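Written below as structure tokens is the structure these notes are about.
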Amino acid sequence: MTTEHLLDDRPLASLRAMANKVPEVTVYFWITKVLTTGMGETASDLLARLLGPVPAVALGGLALVVSLAVQLTVRRYVAWVYWTAVVMVSVFGTMAADVLHIGLGISYTVSTPLFLTALVAVFALWYASERTLSILSIRTRRREAFYWAAVLATFALGTAAGDLTATVGFGYLGSVALFAAAICVPAVAHRFAGLNAVTAFWTAYVITRPLGASLADWMALGHARGGLGLGLGPVTLAWTVAIVCFVGYLAISREDVSGGQAV
């Protein structure tokens with residue numbers, strides 16, 4: 001799916017003439033998105049281990065607020081600003097799911113539908129207010145606020161769903177295979193079964209979270225838990241370096257900017 005397929009009912013030319021606050025949906029978008037999900041998963045666990053749960057959540061929340069404030073301040077899409085916000089959402093979204101499970105003792109079978117309900121509520125309010133969920137329509141502060149609320153809900157939902165599958169018998173590697181197959185479904189349904197493009201996009205967007213998180217967990221966690229045992233620190237660092245490389249390439253090439261225009 002490309003951004004061209006995520007338009008609302010206005011002409012393509014008129015939409016592209018306006019400043020949009022999100023990148024073009026290309027293969028680089030999906031790769032970077034998966035990388036942020038995995039990095040957010042292991043970074044959250046690493047911070048909780050090093051600082052303790054409460055300081056980690058406080059630090060993650062502060063970083064999220066600052067990164068979103070910067071994102072809301074800029075007038076156009078800027079690769080470094082946007083993807084920093086996504087990373088912070090990933091870290092904090094992981095913490096939100098973990099707080100419910102570890103801190104409050106709420107099982108993943110409860111938190112997963114809870115976060116799904118929250119996401120549906122965000123989409124319902126967004127559509128009722130704006131009459132579109134298209135990511136090419138993010139040109140006002142209100143739409144951008146809805147967008148980031150949806151993104152945060154997708155990360156929390158994906159974290160809970162990934163942890164749920166890992167603990168009910170799939171394991172982390174099995175979860176990777178499960179979600180790798182699942183992420184193909186909306187693309188195929190959109191291409192051959194007429195699934196609405198916006199629905200297909202947001203469905204795939206949700207699935208990237210448990211896909212990336214399960215892969216990172218499998219790489220980081222010990223053999224006793226079915227992982228490779230590479231460690232939280234090395235995996236977090238490696239995925240961070242990969243994110244920096246991809247975002248740096250996008251910032252220079254501007255391949256994710258509509259029409260290659262400067263931001």
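Labels for the structure tokens follow display order: chains A, B, ..., residues from 1 in each chain, ligands from 1.
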Check: Got a sec: who's within 8 Å of A:Leu173, counting only C-alpha atoms, leaving out chain neighbours fewer than 5 positions off, as JSON, numbers by chain?
Finding: {"A": [214, 215, 218, 226, 227]}
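Between A:Ala200 and the candidates A:Leu104, A:Leu68, A:Ala182, A:Ala213, the tightest atom-to-atom separation, counting only C-alpha atoms, involves A:Ala182.
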Margin query: Just want the 12 Å neighbourhood of A:Ser111, counted on only C-alpha atoms, with same-chain residues fewer than 3 positions away dropped. Output as a list in words.
Written below: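 With the cut-off at 12 Å, the set is Ala96, Ala97, Asp98, Val99, Leu100, His101, Ile102, Leu104, Gly105, Ile106, Ser107, Tyr108, Leu114, Phe115, Leu116, Thr117, Ala118, Ala153, Ala156, Leu157, Gly158, Thr159, Ala160, Ala161, Gly162, Asp163 and Leu164 of chain A.
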Item checked: Shell of 12 Å around A:Leu178, only C-alpha atoms, local chain residues under 4 positions omitted, as a list in words ->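 Non-adjacent residues within range: Ala161, Gly162, Thr165, Ala166, Gly169, Phe170, Gly171, Tyr172, Leu173, Gly174, Ala182, Ile183, Cys184, Val185, Ile207, Thr208, Pro210, Leu211, Gly212, Ser214 and Leu215 of chain A.
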Give one line per residue of stretch 65-177 of chain A that approaches stretch 240-257 of chain A to at most 12 Å, naming the two atoms of the closest pair and their distance in Å to one decimal, counting only C-alpha atoms; sort by chain then ascending residue number and deliver it as a tab-separated table.
```
residue	atom	partner	partner_atom	distance
A:Arg76	CA	A:Val257	CA	9.9
A:Tyr77	CA	A:Val257	CA	7.8
A:Val78	CA	A:Ala251	CA	7.5
A:Ala79	CA	A:Ala251	CA	5.5
A:Trp80	CA	A:Val247	CA	6.5
A:Val81	CA	A:Val247	CA	9.9
A:Tyr82	CA	A:Val247	CA	9.6
A:Trp83	CA	A:Val247	CA	7.3
A:Thr84	CA	A:Val247	CA	9.4
A:Val86	CA	A:Ile243	CA	11.0
A:Val87	CA	A:Ile243	CA	9.3
A:Leu136	CA	A:Val257	CA	11.4
```
Go ahead and write the selection's residues with all heavy atoms as a compact mmCIF listing (two decimals), in the first residue's frame.
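Generated output (again_6.txt):
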```
# COMPACT_ATOMS: atom_id res chain seq x y z
N ARG A 76 5.52 21.07 8.96
CA ARG A 76 5.52 20.05 7.92
C ARG A 76 6.16 18.78 8.46
O ARG A 76 6.75 18.79 9.54
CB ARG A 76 6.29 20.52 6.67
CG ARG A 76 5.65 21.69 5.94
CD ARG A 76 6.55 22.15 4.80
NE ARG A 76 5.96 23.25 4.05
CZ ARG A 76 5.21 23.10 2.97
NH1 ARG A 76 4.98 21.88 2.51
NH2 ARG A 76 4.70 24.13 2.35
N TYR A 77 6.06 17.72 7.68
CA TYR A 77 6.72 16.48 8.06
C TYR A 77 8.23 16.66 8.01
O TYR A 77 8.79 17.11 7.01
CB TYR A 77 6.30 15.35 7.11
CG TYR A 77 7.22 14.15 7.17
CD1 TYR A 77 7.23 13.31 8.28
CD2 TYR A 77 8.10 13.87 6.12
CE1 TYR A 77 8.09 12.22 8.34
CE2 TYR A 77 8.96 12.79 6.16
CZ TYR A 77 8.94 11.96 7.27
OH TYR A 77 9.79 10.89 7.34
N VAL A 78 8.90 16.32 9.11
CA VAL A 78 10.36 16.32 9.20
C VAL A 78 10.75 14.93 9.70
O VAL A 78 10.32 14.52 10.79
CB VAL A 78 10.88 17.40 10.15
CG1 VAL A 78 12.40 17.36 10.23
CG2 VAL A 78 10.39 18.79 9.72
N ALA A 79 11.55 14.22 8.94
CA ALA A 79 11.81 12.81 9.23
C ALA A 79 12.31 12.58 10.65
O ALA A 79 11.78 11.73 11.38
CB ALA A 79 12.82 12.25 8.22
N TRP A 80 13.33 13.34 11.09
CA TRP A 80 13.90 13.11 12.41
C TRP A 80 12.88 13.38 13.51
O TRP A 80 12.79 12.64 14.49
CB TRP A 80 15.13 14.00 12.61
CG TRP A 80 16.30 13.58 11.80
CD1 TRP A 80 16.82 14.24 10.71
CD2 TRP A 80 17.12 12.42 11.99
NE1 TRP A 80 17.90 13.55 10.21
CE2 TRP A 80 18.11 12.43 10.97
CE3 TRP A 80 17.11 11.37 12.90
CZ2 TRP A 80 19.08 11.43 10.86
CZ3 TRP A 80 18.08 10.38 12.79
CH2 TRP A 80 19.04 10.42 11.79
N VAL A 81 12.10 14.43 13.34
CA VAL A 81 11.12 14.80 14.35
C VAL A 81 10.01 13.75 14.43
O VAL A 81 9.64 13.29 15.52
CB VAL A 81 10.54 16.19 14.05
CG1 VAL A 81 9.41 16.53 15.02
CG2 VAL A 81 11.62 17.26 14.12
N TYR A 82 9.49 13.37 13.27
CA TYR A 82 8.40 12.41 13.24
C TYR A 82 8.81 11.06 13.82
O TYR A 82 8.12 10.51 14.68
CB TYR A 82 7.92 12.23 11.79
CG TYR A 82 6.87 11.15 11.63
CD1 TYR A 82 5.53 11.43 11.83
CD2 TYR A 82 7.24 9.84 11.30
CE1 TYR A 82 4.57 10.43 11.69
CE2 TYR A 82 6.29 8.85 11.17
CZ TYR A 82 4.96 9.14 11.37
OH TYR A 82 4.02 8.15 11.25
N TRP A 83 9.93 10.52 13.38
CA TRP A 83 10.32 9.18 13.81
C TRP A 83 10.82 9.16 15.25
O TRP A 83 10.70 8.13 15.93
CB TRP A 83 11.35 8.58 12.85
CG TRP A 83 10.73 8.19 11.55
CD1 TRP A 83 10.89 8.77 10.33
CD2 TRP A 83 9.81 7.11 11.35
NE1 TRP A 83 10.13 8.13 9.38
CE2 TRP A 83 9.45 7.10 9.97
CE3 TRP A 83 9.24 6.14 12.20
CZ2 TRP A 83 8.57 6.17 9.43
CZ3 TRP A 83 8.36 5.21 11.65
CH2 TRP A 83 8.04 5.23 10.30
N THR A 84 11.34 10.27 15.76
CA THR A 84 11.65 10.35 17.19
C THR A 84 10.37 10.23 18.00
O THR A 84 10.33 9.52 19.03
CB THR A 84 12.36 11.67 17.52
OG1 THR A 84 13.61 11.72 16.82
CG2 THR A 84 12.63 11.79 19.02
N VAL A 86 7.65 8.70 17.07
CA VAL A 86 7.20 7.31 16.95
C VAL A 86 7.97 6.41 17.91
O VAL A 86 7.39 5.54 18.58
CB VAL A 86 7.34 6.79 15.51
CG1 VAL A 86 7.05 5.30 15.42
CG2 VAL A 86 6.39 7.55 14.58
N VAL A 87 9.27 6.60 18.00
CA VAL A 87 10.08 5.80 18.92
C VAL A 87 9.63 6.01 20.37
O VAL A 87 9.48 5.05 21.14
CB VAL A 87 11.58 6.16 18.78
CG1 VAL A 87 12.38 5.58 19.95
CG2 VAL A 87 12.13 5.64 17.47
N LEU A 136 -3.33 11.01 4.80
CA LEU A 136 -2.99 12.17 3.98
C LEU A 136 -3.79 13.39 4.36
O LEU A 136 -3.64 14.45 3.76
CB LEU A 136 -3.22 11.86 2.49
CG LEU A 136 -2.01 11.41 1.69
CD1 LEU A 136 -2.32 11.41 0.21
CD2 LEU A 136 -0.80 12.28 1.96
```
Margin query: I'd like the neighbourhood of A:Ala85 as a list in words, where a residue qualifies if any of its atoms comes within 8 Å (using only C-alpha atoms), though same-chain residues fewer than 6 positions away should be ignored.
Written below: Leu64, Ser67, Leu68 and Gln71 of chain A
Next item on the list: Rounded to one decimal place, report the atom CA of A:Asn20-atom CA of A:Thr73 distance in Å.
Entry: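 A separation of 13.1 Å between them.
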